[in-house]
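Content type mmCIF, C-alpha atoms, from the file target20.cif:
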```cif
data_work
#
loop_
_atom_site.group_PDB
_atom_site.id
_atom_site.type_symbol
_atom_site.label_atom_id
_atom_site.label_comp_id
_atom_site.auth_asym_id
_atom_site.auth_seq_id
_atom_site.Cartn_x
_atom_site.Cartn_y
_atom_site.Cartn_z
ATOM 1 C CA MET A 1 -48.205 49.972 60.612
ATOM 2 C CA LEU A 2 -48.178 46.360 59.395
ATOM 3 C CA ARG A 3 -51.308 45.643 61.389
ATOM 4 C CA LYS A 4 -53.099 48.605 59.783
ATOM 5 C CA ILE A 5 -52.044 47.436 56.327
ATOM 6 C CA ALA A 6 -53.329 43.917 57.024
ATOM 7 C CA VAL A 7 -56.666 45.210 58.291
ATOM 8 C CA ALA A 8 -57.031 47.525 55.307
ATOM 9 C CA ALA A 9 -56.257 44.720 52.879
ATOM 10 C CA LEU A 10 -58.834 42.435 54.490
ATOM 11 C CA LEU A 11 -61.484 45.162 54.481
ATOM 12 C CA SER A 12 -60.948 45.649 50.762
ATOM 13 C CA LEU A 13 -61.964 42.024 50.142
ATOM 14 C CA THR A 14 -65.484 42.348 51.507
ATOM 15 C CA SER A 15 -68.263 44.818 51.013
ATOM 16 C CA VAL A 16 -70.737 43.164 53.378
ATOM 17 C CA THR A 17 -69.323 43.308 56.885
ATOM 18 C CA PRO A 18 -66.139 44.771 58.327
ATOM 19 C CA ALA A 19 -63.464 42.105 58.700
ATOM 20 C CA LYS A 20 -61.768 41.531 62.018
ATOM 21 C CA PRO A 21 -57.988 41.635 62.310
ATOM 22 C CA GLN A 22 -56.464 38.408 61.016
ATOM 23 C CA SER A 23 -54.629 37.973 64.310
ATOM 24 C CA SER A 24 -57.985 37.114 65.916
ATOM 25 C CA TRP A 25 -58.579 34.208 63.565
ATOM 26 C CA PRO A 26 -60.286 31.927 64.351
ATOM 27 C CA ASP A 27 -62.867 33.430 66.676
ATOM 28 C CA ARG A 28 -65.759 31.176 65.603
ATOM 29 C CA PRO A 29 -66.096 27.609 64.298
ATOM 30 C CA ILE A 30 -64.500 26.706 60.963
ATOM 31 C CA LYS A 31 -66.323 24.630 58.363
ATOM 32 C CA PHE A 32 -64.862 21.974 56.066
ATOM 33 C CA ILE A 33 -67.132 21.354 53.069
ATOM 34 C CA VAL A 34 -66.469 17.723 52.052
ATOM 35 C CA HIS A 35 -67.182 16.983 48.405
ATOM 36 C CA VAL A 36 -68.635 13.506 49.019
ATOM 37 C CA ALA A 37 -71.485 12.074 51.058
ATOM 38 C CA ALA A 38 -70.972 11.000 54.662
ATOM 39 C CA GLY A 39 -69.730 7.533 55.444
ATOM 40 C CA GLY A 40 -66.995 6.924 52.866
ATOM 41 C CA GLY A 41 -63.227 6.933 53.142
ATOM 42 C CA VAL A 42 -62.737 10.582 52.160
ATOM 43 C CA ASP A 43 -65.368 11.634 54.705
ATOM 44 C CA LEU A 44 -63.557 9.619 57.387
ATOM 45 C CA MET A 45 -60.249 11.301 56.519
ATOM 46 C CA ALA A 46 -61.887 14.708 56.858
ATOM 47 C CA ARG A 47 -63.354 13.798 60.242
ATOM 48 C CA ILE A 48 -60.045 12.468 61.559
ATOM 49 C CA LEU A 49 -58.411 15.773 60.648
ATOM 50 C CA ALA A 50 -61.292 17.870 61.997
ATOM 51 C CA ASP A 51 -61.206 15.992 65.316
ATOM 52 C CA ARG A 52 -57.546 16.800 65.851
ATOM 53 C CA LEU A 53 -57.817 20.393 64.647
ATOM 54 C CA SER A 54 -60.719 20.942 67.045
ATOM 55 C CA GLN A 55 -58.477 19.842 69.911
ATOM 56 C CA GLN A 56 -55.469 21.985 69.045
ATOM 57 C CA MET A 57 -57.154 25.153 67.754
ATOM 58 C CA PRO A 58 -59.201 27.670 69.777
ATOM 59 C CA GLN A 59 -62.337 26.890 67.739
ATOM 60 C CA ARG A 60 -63.967 23.708 66.495
ATOM 61 C CA VAL A 61 -63.710 22.490 62.909
ATOM 62 C CA LEU A 62 -67.074 21.253 61.663
ATOM 63 C CA ILE A 63 -67.798 18.913 58.753
ATOM 64 C CA GLU A 64 -70.517 19.549 56.191
ATOM 65 C CA ASN A 65 -70.955 16.892 53.512
ATOM 66 C CA MET A 66 -72.030 18.143 50.110
ATOM 67 C CA GLY A 67 -71.860 15.328 47.580
ATOM 68 C CA GLY A 68 -73.106 15.438 44.022
ATOM 69 C CA GLY A 69 -71.924 16.641 40.654
ATOM 70 C CA GLY A 70 -68.618 14.829 40.998
ATOM 71 C CA GLY A 71 -67.638 17.338 43.697
ATOM 72 C CA ALA A 72 -68.727 20.381 41.691
ATOM 73 C CA ILE A 73 -71.532 21.345 44.092
ATOM 74 C CA ALA A 74 -69.180 21.531 47.068
ATOM 75 C CA ALA A 75 -66.522 23.329 45.031
ATOM 76 C CA ARG A 76 -68.937 25.990 43.783
ATOM 77 C CA THR A 77 -70.195 26.547 47.326
ATOM 78 C CA VAL A 78 -66.688 27.166 48.647
ATOM 79 C CA ALA A 79 -65.705 29.283 45.650
ATOM 80 C CA LYS A 80 -68.604 31.635 46.450
ATOM 81 C CA ALA A 81 -67.991 31.681 50.214
ATOM 82 C CA ASP A 82 -66.564 34.713 51.993
ATOM 83 C CA PRO A 83 -62.744 34.476 51.886
ATOM 84 C CA ASP A 84 -62.517 35.002 55.632
ATOM 85 C CA GLY A 85 -60.913 31.739 56.717
ATOM 86 C CA TYR A 86 -64.071 30.058 58.004
ATOM 87 C CA THR A 87 -65.005 27.941 54.987
ATOM 88 C CA PHE A 88 -62.660 25.446 53.332
ATOM 89 C CA LEU A 89 -63.050 22.709 50.715
ATOM 90 C CA PHE A 90 -61.927 19.170 51.536
ATOM 91 C CA ALA A 91 -61.544 17.414 48.184
ATOM 92 C CA GLY A 92 -59.627 14.825 46.202
ATOM 93 C CA PRO A 93 -58.661 14.090 42.576
ATOM 94 C CA GLY A 94 -62.101 14.895 41.210
ATOM 95 C CA HIS A 95 -61.459 18.549 42.007
ATOM 96 C CA ALA A 96 -58.684 18.499 39.398
ATOM 97 C CA ALA A 97 -60.807 16.629 36.843
ATOM 98 C CA VAL A 98 -64.288 18.184 36.846
ATOM 99 C CA PRO A 99 -63.280 21.403 35.015
ATOM 100 C CA TYR A 100 -62.121 19.415 31.981
ATOM 101 C CA MET A 101 -65.265 17.289 31.672
ATOM 102 C CA HIS A 102 -67.676 20.129 30.935
ATOM 103 C CA LYS A 103 -68.076 22.429 27.955
ATOM 104 C CA GLN A 104 -68.833 25.162 30.480
ATOM 105 C CA PRO A 105 -66.718 24.327 33.551
ATOM 106 C CA PRO A 106 -68.508 24.849 36.880
ATOM 107 C CA TYR A 107 -65.440 26.486 38.415
ATOM 108 C CA ASP A 108 -61.873 27.487 37.691
ATOM 109 C CA PRO A 109 -59.544 25.347 39.819
ATOM 110 C CA ILE A 110 -56.798 27.993 39.781
ATOM 111 C CA SER A 111 -58.523 31.371 40.005
ATOM 112 C CA ASP A 112 -61.349 30.286 42.356
ATOM 113 C CA PHE A 113 -59.239 28.543 45.023
ATOM 114 C CA ILE A 114 -56.031 28.641 47.019
ATOM 115 C CA PRO A 115 -54.406 25.275 47.827
ATOM 116 C CA VAL A 116 -53.813 25.107 51.571
ATOM 117 C CA SER A 117 -52.413 21.664 52.360
ATOM 118 C CA LEU A 118 -52.119 18.195 50.884
ATOM 119 C CA VAL A 119 -53.540 16.119 53.745
ATOM 120 C CA THR A 120 -53.069 12.489 52.684
ATOM 121 C CA GLN A 121 -51.994 10.276 49.823
ATOM 122 C CA PHE A 122 -52.769 6.599 49.440
ATOM 123 C CA PRO A 123 -52.654 3.832 46.858
ATOM 124 C CA LEU A 124 -55.500 2.582 44.776
ATOM 125 C CA VAL A 125 -55.484 -1.085 43.844
ATOM 126 C CA VAL A 126 -56.298 -2.683 40.481
ATOM 127 C CA VAL A 127 -58.321 -5.849 41.018
ATOM 128 C CA ILE A 128 -60.061 -8.284 38.681
ATOM 129 C CA ASN A 129 -62.587 -11.066 39.118
ATOM 130 C CA PRO A 130 -60.582 -14.261 39.719
ATOM 131 C CA ASN A 131 -62.415 -15.999 36.874
ATOM 132 C CA VAL A 132 -60.654 -13.730 34.387
ATOM 133 C CA PRO A 133 -57.811 -15.841 32.916
ATOM 134 C CA ALA A 134 -54.922 -13.517 33.767
ATOM 135 C CA LYS A 135 -52.520 -13.892 36.665
ATOM 136 C CA ASP A 136 -50.894 -10.465 36.480
ATOM 137 C CA MET A 137 -51.032 -7.114 34.697
ATOM 138 C CA ARG A 138 -48.912 -8.278 31.777
ATOM 139 C CA GLU A 139 -51.189 -11.243 31.106
ATOM 140 C CA PHE A 140 -54.296 -9.095 31.486
ATOM 141 C CA ILE A 141 -53.073 -6.570 28.920
ATOM 142 C CA ALA A 142 -52.249 -9.433 26.541
ATOM 143 C CA LEU A 143 -55.759 -10.810 27.043
ATOM 144 C CA LEU A 144 -57.327 -7.445 26.201
ATOM 145 C CA LYS A 145 -55.322 -7.277 22.999
ATOM 146 C CA VAL A 146 -56.434 -10.749 21.958
ATOM 147 C CA GLU A 147 -60.072 -10.105 22.928
ATOM 148 C CA PRO A 148 -60.721 -6.430 22.133
ATOM 149 C CA ASP A 149 -64.026 -4.932 23.339
ATOM 150 C CA LYS A 150 -64.965 -8.103 25.211
ATOM 151 C CA HIS A 151 -64.043 -7.015 28.737
ATOM 152 C CA THR A 152 -65.541 -4.443 31.102
ATOM 153 C CA PHE A 153 -64.515 -2.237 33.978
ATOM 154 C CA GLY A 154 -66.640 -0.523 36.601
ATOM 155 C CA SER A 155 -66.323 2.821 38.342
ATOM 156 C CA SER A 156 -68.102 4.985 40.890
ATOM 157 C CA GLY A 157 -69.101 7.375 38.098
ATOM 158 C CA ILE A 158 -67.879 9.157 35.000
ATOM 159 C CA GLY A 159 -64.699 11.131 35.585
ATOM 160 C CA GLY A 160 -64.148 9.961 39.142
ATOM 161 C CA SER A 161 -61.012 8.637 40.792
ATOM 162 C CA SER A 162 -61.996 5.084 39.871
ATOM 163 C CA HIS A 163 -62.577 5.997 36.219
ATOM 164 C CA ILE A 164 -59.672 8.271 35.230
ATOM 165 C CA PRO A 165 -56.891 5.846 36.277
ATOM 166 C CA VAL A 166 -58.436 3.046 34.194
ATOM 167 C CA GLU A 167 -58.583 5.360 31.184
ATOM 168 C CA MET A 168 -54.909 6.135 31.771
ATOM 169 C CA LEU A 169 -54.092 2.426 32.016
ATOM 170 C CA MET A 170 -55.897 1.656 28.742
ATOM 171 C CA HIS A 171 -54.267 4.626 27.001
ATOM 172 C CA MET A 172 -50.758 3.612 28.037
ATOM 173 C CA ALA A 173 -51.296 -0.082 27.285
ATOM 174 C CA GLY A 174 -53.059 0.528 23.968
ATOM 175 C CA VAL A 175 -56.142 -1.505 24.918
ATOM 176 C CA LYS A 176 -59.863 -0.970 25.379
ATOM 177 C CA MET A 177 -62.549 -2.049 27.822
ATOM 178 C CA THR A 178 -66.198 -1.081 28.090
ATOM 179 C CA HIS A 179 -66.923 1.352 30.928
ATOM 180 C CA VAL A 180 -69.824 0.514 33.263
ATOM 181 C CA PRO A 181 -70.397 3.415 35.683
ATOM 182 C CA PHE A 182 -72.147 2.811 39.017
ATOM 183 C CA ARG A 183 -73.368 5.106 41.766
ATOM 184 C CA GLY A 184 -70.477 4.601 44.113
ATOM 185 C CA ASN A 185 -67.573 2.237 44.712
ATOM 186 C CA GLY A 186 -69.696 -0.160 46.770
ATOM 187 C CA PRO A 187 -71.991 -1.137 43.882
ATOM 188 C CA SER A 188 -69.082 -1.425 41.437
ATOM 189 C CA SER A 189 -67.216 -3.681 43.857
ATOM 190 C CA ALA A 190 -70.312 -5.839 44.293
ATOM 191 C CA ALA A 191 -70.627 -6.143 40.511
ATOM 192 C CA LEU A 192 -67.006 -7.267 40.304
ATOM 193 C CA LEU A 193 -67.532 -9.918 42.978
ATOM 194 C CA GLY A 194 -70.673 -11.072 41.190
ATOM 195 C CA GLY A 195 -68.863 -11.443 37.872
ATOM 196 C CA GLN A 196 -70.868 -8.749 36.059
ATOM 197 C CA ILE A 197 -67.684 -6.779 35.313
ATOM 198 C CA ASP A 198 -64.042 -7.769 35.007
ATOM 199 C CA LEU A 199 -62.019 -5.010 36.673
ATOM 200 C CA ILE A 200 -62.184 -2.052 39.050
ATOM 201 C CA ILE A 201 -59.690 0.329 40.586
ATOM 202 C CA ASP A 202 -60.615 0.983 44.204
ATOM 203 C CA GLY A 203 -59.166 2.138 47.492
ATOM 204 C CA LEU A 204 -56.864 -0.381 49.103
ATOM 205 C CA ALA A 205 -58.600 -0.483 52.489
ATOM 206 C CA PRO A 206 -62.054 -1.482 51.136
ATOM 207 C CA GLN A 207 -60.505 -4.333 49.116
ATOM 208 C CA LEU A 208 -58.204 -5.847 51.739
ATOM 209 C CA GLY A 209 -60.843 -8.332 52.903
ATOM 210 C CA ASN A 210 -61.632 -9.393 49.347
ATOM 211 C CA ILE A 211 -57.913 -9.769 48.637
ATOM 212 C CA ALA A 212 -57.333 -11.874 51.752
ATOM 213 C CA GLU A 213 -60.306 -14.134 50.945
ATOM 214 C CA LYS A 214 -59.198 -14.401 47.283
ATOM 215 C CA ARG A 215 -62.513 -13.018 46.069
ATOM 216 C CA VAL A 216 -60.498 -10.734 43.782
ATOM 217 C CA ARG A 217 -57.092 -10.956 42.130
ATOM 218 C CA VAL A 218 -54.663 -8.053 42.508
ATOM 219 C CA LEU A 219 -52.959 -6.784 39.356
ATOM 220 C CA GLY A 220 -51.157 -3.862 40.939
ATOM 221 C CA VAL A 221 -51.240 -0.641 42.928
ATOM 222 C CA THR A 222 -51.375 2.812 41.373
ATOM 223 C CA THR A 223 -48.586 4.472 43.336
ATOM 224 C CA LYS A 224 -45.228 5.018 41.656
ATOM 225 C CA GLU A 225 -43.668 2.272 43.750
ATOM 226 C CA ARG A 226 -44.940 -0.621 45.840
ATOM 227 C CA THR A 227 -46.764 0.274 49.028
ATOM 228 C CA PRO A 228 -45.901 -1.089 52.483
ATOM 229 C CA PHE A 229 -49.642 -1.527 53.024
ATOM 230 C CA LEU A 230 -49.603 -4.370 50.453
ATOM 231 C CA PRO A 231 -45.910 -5.114 49.868
ATOM 232 C CA ASP A 232 -46.365 -8.192 47.672
ATOM 233 C CA ALA A 233 -48.483 -6.343 45.121
ATOM 234 C CA PRO A 234 -46.488 -4.897 42.221
ATOM 235 C CA ALA A 235 -46.877 -1.312 41.128
ATOM 236 C CA VAL A 236 -48.620 -0.950 37.768
ATOM 237 C CA SER A 237 -45.524 1.017 36.710
ATOM 238 C CA GLU A 238 -43.523 -2.209 36.784
ATOM 239 C CA THR A 239 -45.486 -3.237 33.682
ATOM 240 C CA LEU A 240 -46.328 0.234 32.319
ATOM 241 C CA PRO A 241 -43.345 2.492 33.108
ATOM 242 C CA GLY A 242 -44.442 5.969 34.106
ATOM 243 C CA TYR A 243 -47.916 4.950 35.234
ATOM 244 C CA GLN A 244 -49.023 6.392 38.558
ATOM 245 C CA PHE A 245 -52.262 7.643 40.041
ATOM 246 C CA PRO A 246 -51.886 8.169 43.778
ATOM 247 C CA MET A 247 -55.172 9.009 45.434
ATOM 248 C CA TRP A 248 -55.038 12.199 47.494
ATOM 249 C CA VAL A 249 -57.144 14.590 49.506
ATOM 250 C CA GLY A 250 -56.383 18.177 50.394
ATOM 251 C CA VAL A 251 -57.771 21.399 51.771
ATOM 252 C CA PHE A 252 -58.529 24.445 49.614
ATOM 253 C CA ALA A 253 -59.570 27.970 50.578
ATOM 254 C CA PRO A 254 -61.679 30.384 48.535
ATOM 255 C CA ALA A 255 -59.671 32.745 46.346
ATOM 256 C CA LYS A 256 -58.603 35.976 48.091
ATOM 257 C CA THR A 257 -58.389 34.312 51.503
ATOM 258 C CA PRO A 258 -55.572 36.227 53.254
ATOM 259 C CA LYS A 259 -52.194 34.513 53.039
ATOM 260 C CA GLU A 260 -51.731 34.810 56.794
ATOM 261 C CA ILE A 261 -54.823 32.669 57.373
ATOM 262 C CA VAL A 262 -53.869 30.175 54.653
ATOM 263 C CA ASP A 263 -50.412 29.766 56.190
ATOM 264 C CA LYS A 264 -51.841 29.391 59.704
ATOM 265 C CA MET A 265 -54.298 26.708 58.615
ATOM 266 C CA ALA A 266 -51.581 24.840 56.719
ATOM 267 C CA ALA A 267 -49.388 24.909 59.826
ATOM 268 C CA GLU A 268 -52.244 23.590 61.957
ATOM 269 C CA ILE A 269 -52.928 20.792 59.457
ATOM 270 C CA ALA A 270 -49.241 19.823 59.432
ATOM 271 C CA LYS A 271 -49.245 19.757 63.235
ATOM 272 C CA ALA A 272 -52.394 17.623 63.237
ATOM 273 C CA THR A 273 -51.181 15.080 60.672
ATOM 274 C CA HIS A 274 -47.902 14.651 62.570
ATOM 275 C CA ASP A 275 -49.683 14.027 65.872
ATOM 276 C CA PRO A 276 -48.913 10.371 66.758
ATOM 277 C CA THR A 277 -52.516 9.439 67.544
ATOM 278 C CA THR A 278 -53.876 11.089 64.414
ATOM 279 C CA ASN A 279 -51.123 9.610 62.275
ATOM 280 C CA LYS A 280 -51.967 6.128 63.575
ATOM 281 C CA ARG A 281 -55.640 6.645 62.732
ATOM 282 C CA TYR A 282 -54.631 7.388 59.156
ATOM 283 C CA ILE A 283 -52.273 4.414 58.981
ATOM 284 C CA ASP A 284 -55.080 2.175 60.263
ATOM 285 C CA ILE A 285 -57.132 3.044 57.163
ATOM 286 C CA LYS A 286 -54.060 2.562 54.925
ATOM 287 C CA VAL A 287 -53.284 6.164 54.039
ATOM 288 C CA ASP A 288 -50.144 8.260 54.432
ATOM 289 C CA ALA A 289 -50.561 11.543 56.302
ATOM 290 C CA ILE A 290 -48.741 14.427 54.584
ATOM 291 C CA GLY A 291 -49.554 17.922 55.869
ATOM 292 C CA SER A 292 -47.772 19.999 53.197
ATOM 293 C CA THR A 293 -47.171 23.716 52.862
ATOM 294 C CA PRO A 294 -49.437 25.764 50.562
ATOM 295 C CA GLU A 295 -46.584 26.130 48.073
ATOM 296 C CA GLN A 296 -45.948 22.383 47.955
ATOM 297 C CA PHE A 297 -49.625 21.646 47.494
ATOM 298 C CA ASP A 298 -49.969 24.279 44.770
ATOM 299 C CA ALA A 299 -47.158 22.667 42.759
ATOM 300 C CA PHE A 300 -48.658 19.193 43.263
ATOM 301 C CA PHE A 301 -52.158 20.363 42.311
ATOM 302 C CA ARG A 302 -50.988 22.006 39.100
ATOM 303 C CA GLU A 303 -49.341 18.719 38.099
ATOM 304 C CA GLN A 304 -52.634 16.940 38.765
ATOM 305 C CA LEU A 305 -54.486 19.428 36.572
ATOM 306 C CA LYS A 306 -52.131 18.788 33.643
ATOM 307 C CA PHE A 307 -52.411 15.042 34.128
ATOM 308 C CA ASN A 308 -56.218 15.082 34.204
ATOM 309 C CA GLU A 309 -56.501 17.414 31.244
ATOM 310 C CA ASN A 310 -54.356 15.124 29.078
ATOM 311 C CA ILE A 311 -56.196 11.927 30.012
ATOM 312 C CA ILE A 312 -59.696 13.425 29.826
ATOM 313 C CA LYS A 313 -59.071 14.936 26.413
ATOM 314 C CA SER A 314 -57.426 11.820 24.981
ATOM 315 C CA ALA A 315 -60.278 9.620 26.276
ATOM 316 C CA ASN A 316 -62.920 12.208 25.305
ATOM 317 C CA ILE A 317 -64.625 12.020 28.708
ATOM 318 C CA GLN A 318 -67.567 14.442 28.902
ATOM 319 C CA GLN A 319 -70.406 14.884 31.362
ATOM 320 C CA ASP A 320 -72.429 17.267 29.208
#
```
Representation of the structure as structure tokens:
Amino acid sequence: MLRKIAVAALLSLTSVTPAKPQSSWPDRPIKFIVHVAAGGGVDLMARILADRLSQQMPQRVLIENMGGGGGAIAARTVAKADPDGYTFLFAGPGHAAVPYMHKQPPYDPISDFIPVSLVTQFPLVVVINPNVPAKDMREFIALLKVEPDKHTFGSSGIGGSSHIPVEMLMHMAGVKMTHVPFRGNGPSSAALLGGQIDLIIDGLAPQLGNIAEKRVRVLGVTTKERTPFLPDAPAVSETLPGYQFPMWVGVFAPAKTPKEIVDKMAAEIAKATHDPTTNKRYIDIKVDAIGSTPEQFDAFFREQLKFNENIIKSANIQQD
């Protein structure tokens, strides 16, 4: 009887082709739509997960990169996909920010998706050009107050994960800098090293070499507490209590994807992230593997939505 009910429920979700019993899932390759171009850190995290899932599941997990629009193009594609468990979105903080940066949001982050699993979390690092006369976050904030509108920060683009945390920092500290958006973290980092801008917030792994060679000066990390990946660097919250912006990536399913499939995929992701070899691959790129339940990720994602909405509105960040 339960099997008949499940089949009937799945059939009611599609008018194109009859759905197969959920117990047969997956019987063909699964696709992860990654919301950034190939070659970056988020893409690598997706591929590490897909590699392990392809080994432990009966079907392969394939990666399709779909950058552009701050992640909106990939999100819209997944939102419109059949909710049959064969198309998932692999996305990070931008997925919780894009809806608040448009007068006509390209998607609804709650009604168009189901959170499946929080895959990883990792710190971002606040770095400045060493020629800036500030040794730590407290001195830098004091400098900005003495020299308002003189200093600049770079980002990978408006509303991205290198832009929003700086806006939050300025809001909490009561200071201002001029935003200089670039097309990616690589160009913004190069501008920092060249002295064209004063500050960026970037992933820890890409900046470790610059930190070691003293080409940049660390002001802090964006996690709530210090990270073991850079234990001598203070958390920004030590200067600005309550500040935190942990970078994260997770997997989302289209709305109306059957709960049985969502739960199965979450369980497979948890198994993959706890695999010793896979876990080491994540540690090597300075990220913490999580592998949460759908319920845990849903609660986390809703907190991220509230956070982004508050910062984006207070900073009046708009893309149209």
> Using the chain letters and numbers from the file, which residues does the PyMOL selection byres ((chain A and resi 151) around 9) grab, as JSON, numbers by chain?
Replying inline: {"A": [144, 147, 148, 149, 150, 152, 153, 176, 177, 178, 197, 198, 199]}
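Distances here use only C-alpha atoms; by that measure, the residue among A:Gln104, A:Ser162, A:Gln55, A:Asn65 closest to Leu124 in chain A is A:Ser162.
In this model, the gap between CA of Asp284 in chain A and CA of Val221 in chain A comes to 18.0 Å.
Nearest-residue note for Lys286 in chain A: choosing from A:Pro26, A:Gly160, A:Gly195, A:Pro228, the minimum distance belongs to A:Pro228, counting all atoms listed in the file.
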Give the padded box for range 88-95 of chain A as JSON: axis-aligned, covering all atoms listed in the file, 4 Å on each side, centre and edge lengths in Å to one decimal.
```
{"center_x": -60.9, "center_y": 19.8, "center_z": 47.3, "size_x": 12.4, "size_y": 19.4, "size_z": 20.1}
```
> Expanded to explicit residues, what is the PyMOL selection byres ((chain A and resi 60-64) around 8) for this file, as a PyMOL selection string?
Replying inline: chain A and resi 28-34+46-47+50-51+53-55+57-59+65-66
I'd like to see the residues matched by the PyMOL selection byres ((chain A and resi 92) around 8) on this file, and ideally I'd get them as a PDB file with C-alpha atoms, in the frame of the given file.
```pdb
ATOM      1  CA  VAL A  42     -62.737  10.582  52.160  1.00  0.00           C
ATOM      2  CA  PHE A  90     -61.927  19.170  51.536  1.00  0.00           C
ATOM      3  CA  ALA A  91     -61.544  17.414  48.184  1.00  0.00           C
ATOM      4  CA  PRO A  93     -58.661  14.090  42.576  1.00  0.00           C
ATOM      5  CA  GLY A  94     -62.101  14.895  41.210  1.00  0.00           C
ATOM      6  CA  HIS A  95     -61.459  18.549  42.007  1.00  0.00           C
ATOM      7  CA  ALA A  96     -58.684  18.499  39.398  1.00  0.00           C
ATOM      8  CA  MET A 247     -55.172   9.009  45.434  1.00  0.00           C
ATOM      9  CA  TRP A 248     -55.038  12.199  47.494  1.00  0.00           C
ATOM     10  CA  VAL A 249     -57.144  14.590  49.506  1.00  0.00           C
ATOM     11  CA  GLY A 250     -56.383  18.177  50.394  1.00  0.00           C
TER      12      GLY A 250
END
```
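Interatomic distance, CA of Ala272 in chain A to CA of Leu89 in chain A: 17.2 Å.
The shortest atom-to-atom distance to Arg217 in chain A, with all atoms listed in the file taken into account, belongs to A:Lys135 out of A:Lys271, A:Lys264, A:Lys135, A:Arg52.
With all atoms listed in the file as the atoms that count, the residue of A:Val216, A:Ala255, A:Ala315, A:Ile261 with the shortest distance to Ser24 in chain A is A:Ile261.
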As a PDB file, in the frame of the given file, please: range 285-296 of chain A completed to N, CA, C and O atoms.
```
ATOM      1  N   ILE A 285     -56.272   3.130  58.352  1.00  0.00           N
ATOM      2  CA  ILE A 285     -57.132   3.044  57.163  1.00  0.00           C
ATOM      3  C   ILE A 285     -56.290   3.058  55.882  1.00  0.00           C
ATOM      4  O   ILE A 285     -56.781   3.349  54.796  1.00  0.00           O
ATOM      5  N   LYS A 286     -54.991   2.773  56.042  1.00  0.00           N
ATOM      6  CA  LYS A 286     -54.060   2.562  54.925  1.00  0.00           C
ATOM      7  C   LYS A 286     -53.827   3.818  54.083  1.00  0.00           C
ATOM      8  O   LYS A 286     -53.792   3.763  52.858  1.00  0.00           O
ATOM      9  N   VAL A 287     -53.645   4.943  54.753  1.00  0.00           N
ATOM     10  CA  VAL A 287     -53.284   6.164  54.039  1.00  0.00           C
ATOM     11  C   VAL A 287     -52.078   6.802  54.714  1.00  0.00           C
ATOM     12  O   VAL A 287     -51.839   6.623  55.908  1.00  0.00           O
ATOM     13  N   ASP A 288     -51.316   7.544  53.923  1.00  0.00           N
ATOM     14  CA  ASP A 288     -50.144   8.260  54.432  1.00  0.00           C
ATOM     15  C   ASP A 288     -50.521   9.703  54.720  1.00  0.00           C
ATOM     16  O   ASP A 288     -50.995  10.422  53.832  1.00  0.00           O
ATOM     17  N   ALA A 289     -50.310  10.149  55.939  1.00  0.00           N
ATOM     18  CA  ALA A 289     -50.561  11.543  56.302  1.00  0.00           C
ATOM     19  C   ALA A 289     -49.419  12.409  55.771  1.00  0.00           C
ATOM     20  O   ALA A 289     -48.250  12.055  55.898  1.00  0.00           O
ATOM     21  N   ILE A 290     -49.750  13.557  55.187  1.00  0.00           N
ATOM     22  CA  ILE A 290     -48.741  14.427  54.584  1.00  0.00           C
ATOM     23  C   ILE A 290     -48.618  15.742  55.346  1.00  0.00           C
ATOM     24  O   ILE A 290     -47.637  15.980  56.026  1.00  0.00           O
ATOM     25  N   GLY A 291     -49.608  16.620  55.211  1.00  0.00           N
ATOM     26  CA  GLY A 291     -49.554  17.922  55.869  1.00  0.00           C
ATOM     27  C   GLY A 291     -48.530  18.843  55.221  1.00  0.00           C
ATOM     28  O   GLY A 291     -47.550  19.237  55.848  1.00  0.00           O
ATOM     29  N   SER A 292     -48.746  19.203  53.952  1.00  0.00           N
ATOM     30  CA  SER A 292     -47.772  19.999  53.197  1.00  0.00           C
ATOM     31  C   SER A 292     -47.946  21.490  53.432  1.00  0.00           C
ATOM     32  O   SER A 292     -48.923  21.938  54.046  1.00  0.00           O
ATOM     33  N   THR A 293     -47.029  22.261  52.882  1.00  0.00           N
ATOM     34  CA  THR A 293     -47.171  23.716  52.862  1.00  0.00           C
ATOM     35  C   THR A 293     -48.082  24.095  51.693  1.00  0.00           C
ATOM     36  O   THR A 293     -48.291  23.307  50.763  1.00  0.00           O
ATOM     37  N   PRO A 294     -48.629  25.325  51.702  1.00  0.00           N
ATOM     38  CA  PRO A 294     -49.437  25.764  50.562  1.00  0.00           C
ATOM     39  C   PRO A 294     -48.659  25.735  49.248  1.00  0.00           C
ATOM     40  O   PRO A 294     -49.211  25.369  48.201  1.00  0.00           O
ATOM     41  N   GLU A 295     -47.397  26.108  49.288  1.00  0.00           N
ATOM     42  CA  GLU A 295     -46.584  26.130  48.073  1.00  0.00           C
ATOM     43  C   GLU A 295     -46.374  24.720  47.523  1.00  0.00           C
ATOM     44  O   GLU A 295     -46.446  24.495  46.303  1.00  0.00           O
ATOM     45  N   GLN A 296     -46.121  23.770  48.394  1.00  0.00           N
ATOM     46  CA  GLN A 296     -45.948  22.383  47.955  1.00  0.00           C
ATOM     47  C   GLN A 296     -47.242  21.834  47.352  1.00  0.00           C
ATOM     48  O   GLN A 296     -47.225  21.165  46.322  1.00  0.00           O
TER      49      GLN A 296
END
```
